Amino acid sequence: MLTLVRSSTARSSRSWILGIQQGCNYATEATFETKPFKLHRLENGPPTTVKITREEALQYYKDMQVIRRMETTAANLYKSKIIRGFCHLYSGQEAVAVGMEHAITKEDGVITAYRAHGWSYMRGVPVLGVLAELTGGRSGCAKGKGGSMHMYCKNFYGGNGIVGAQVPLGAGVALAMKYQGKKNVCLALYGDGAANQGQLFEAYNMAKLWDLPCIFVCENNGYGMGTSAARSSANTDYYTRGDSIPGIWIDAMDVLAVKSATEFSKQFVLKNGPILLEAATYRYHGHSMSDPGTSYRTREEVQEVRQNRDPIGLFKSRIISSALVTEDDLKPYAPGGMNRKKSFDHKWQLTAKNKKADACFLLVIQKIDNDIRQEVEEAAEKAKVDPELPLEDLYSDIYSQPPPNFVVRGSDPTVMVSVR
Amino acid sequence: MALPSKTLSAACRQFSLLCRRFVGTTAVRSVHFSYVPDTPDPKHGSTTRMNLFQSITSALDVCLGKDPTAVIFGEDVAFGGVFRCTVGLRDKYGEARVFNSPLSEQGIVAFGIGMAIAGSTAIAEIQFADYIFPAFDQLRNEAAMFRYRTGNQFDCGRLTVRAPCMAVGHGALYHSQSVEAFFGHCPGLKVVIPRGPIQAKGLLLSCIRDENPCIFFEPKILYRAAIEEVPTGDYELPLSKASVLLEGSDVTLIGWGTQVHVLREVAAMAQDKLNVSCELIDLCTILPWDKDTVLASAAKTGRVLISHEAPVTMGFGAELAATIQSECFLNLEAPIERVCGYDTPFPHVFEPFYMPDKWRCLEAVKRLVNF
């Protein structure tokens, strides 16, 4: 099940993490088995064997952890009333955005619904861009004009507030890509709740009719707001609901399964037209911050997923136990690592011999976790004091090139401000 | 009615937090008006203290209890709905009569129309008025026209669509809109907006029993902010009948929903600061609206201020102003004033500036009396 490629190649390193890597005699890459995919109208599915390098593993871990930390921070900011309004958190679903983003390029398009923070980060919005958008600051990725549900960056089309409305838009983005002769695809994401909106079926039909390079993704977190999938959907096999569109069910608590299926799908849709992925996942928080998320499911259910199926916890234990680091003795660290080495040596002595490798990797991960905590905390502090746009921006961005002498009409002459 | 569970009260507390406004990191204020409760009509019998969402629940309870064909459906209504308006009703009347629908606004309204055509009382909930537009086609092209196009062989008069509307202090683009004017353009529909719990219960029961399809918009900020002694029994209040809440001689103030309460403060300020006597009218029903009450008041005062949260252009105030100038031209002492939302999308951080607050309204009163 597990194959390892060992390496102790010395590599130049500036960062402390690479120093540890250098110090450890670790595997540079490892191969994992994913859970089987379920297929609809497909003879062959994505590979269930996924090979990743140590760097990739650390990157996926880091990305998921940033999203988790960012969402926890957003929840706290909301509870302390610094974030107002509607706020939908992505915690629990990190493997979907992370696995997919690492299977596509920045030239591919993505459009999603209102649970957009994680995707915004993966598409290139910095943590501050997300948190400041939530606090209404001008450093927000929409200058504070959108808020929680409305986040955007290049080739990331949001961030949409109306359930299901983004899915036909995604098909339209895919149509543009095809028309322009690009070898790119568009991911159109929606939840299991939105899967029942009529316009999705209109989008499926047109996408298949015109063989658009569109990857429909149903992020099935089990609940459309407070209604479970089984109580809202006659057919809960969402990956089959495109009818003539082929579909794949993914265990989306496994970032590697998500990545594998998305890589496969990108190649597939460029040749064959649309595909429909069902990413089986889970959300830890309520639908939004005004929903405690416990009136339609038990606390035990949430706890069970957190303990046994958490995408970050699973991935972490997997990459550690896969011996992406070895039991070999640690070698001297990179510059600046001596003090840390001492503490590490101390830790190492305390651990059993067969735990040495784990300890080495754990230290890397601890460092990542600490860095992330610091990064997100700093962004949060900035977002808290980030100034709002000046008042005239209440009237900006409504029309481009408005007619001469156009004014935004209000009933008070002092606010009839020309549009910029 | 079942008492909310601990979880539900946690949700309630959470929501009540939403009803406060904060700028930056410090708390500033709660709602942008003072609520003055209505007095219950003694002929409607014994009362109990209710907020607006409880009075809605009470109306629905009365309806389900008396009308065996009545059903309630919508997103998450079975466990009470996001604003708790249907709490306890599934337990009392069964899941065949109070049930969750998929997230499918067009479907919700269309199924409601179908049920109503076939003789059931259909009470559909759209979770926010901002979400009603996927169902706009069904409301405009099916519900509003059904009676007319069938030569009165069929109608969907037993359909009532409820939806929370208007600003809540922090709702931003998609949880704040006032959409009544879109439906004001649809002959065949009735559009009703209550100002408080007593009105809400009586008007909702009237809508449900009215023989025309009704859209009932509930100002969501009032769900908790408005508390009154509400009659516990069955009573109806007339549709297409405006309420004159304050009598006055100098200026007529017209609003509906939340804005009525802002205008009530404006009337008090105008009296105190300007010695101007204002007549306050709650239009109550947007379509078909009560021309007689409005025109009589406009003819008496000669000065009219209309105020709503929806953008000024093509807001329902435009229709009122056009009618008033046409019918009361020789009575008018000043151009009709409209203090409304701006012609922008409903803003996120700029909501306090967008709102037609009492200060903007008071300025308009000054212009009216100084013209």
# chains A, B, ... in the order shown; residues from 1 in each chain; ligands from 1
$ select_by_dssp --residues "region 206-316 of chain B" --states "strand (DSSP E)" --output "number ranges by chain"
B: 214-219, 227-231, 243-246, 251-255, 278-282, 285-287, 304-311
$ interface_residues --of "chain A" --to "chain B" --cutoff "9 Å" --atoms "only C-alpha atoms" --output "PyMOL selection string"
chain A and resi 80-86+135-137+144-147+161-164+193-199+224-227+231-233+289-296+384-389+391+393-396+398+408-412+415-416
$ atom_distance --atom1 "CA of Ala176 (chain A)" --atom2 "CA of Asp137 (chain B)"
27.7 Å
$ select_by_dssp --residues "region 172-303 of chain B" --states "alpha helix (DSSP H)" --output "PyMOL selection string"
chain B and resi 180-183+197-209+222-225+258-269+291-301
$ atom_distance --atom1 "CA of Tyr223 (chain B)" --atom2 "CA of Gln259 (chain B)"
14.4 Å
$ residues_around --residues "Pro274 (chain A)" --least-positions-apart "4" --cutoff "7 Å" --atoms "only C-alpha atoms" --output "list of chain:residue names"
A:Ala207, A:Lys208, A:Asp211, A:Leu212, A:Pro213, A:Cys214, A:Ile215, A:Ile245, A:Val269
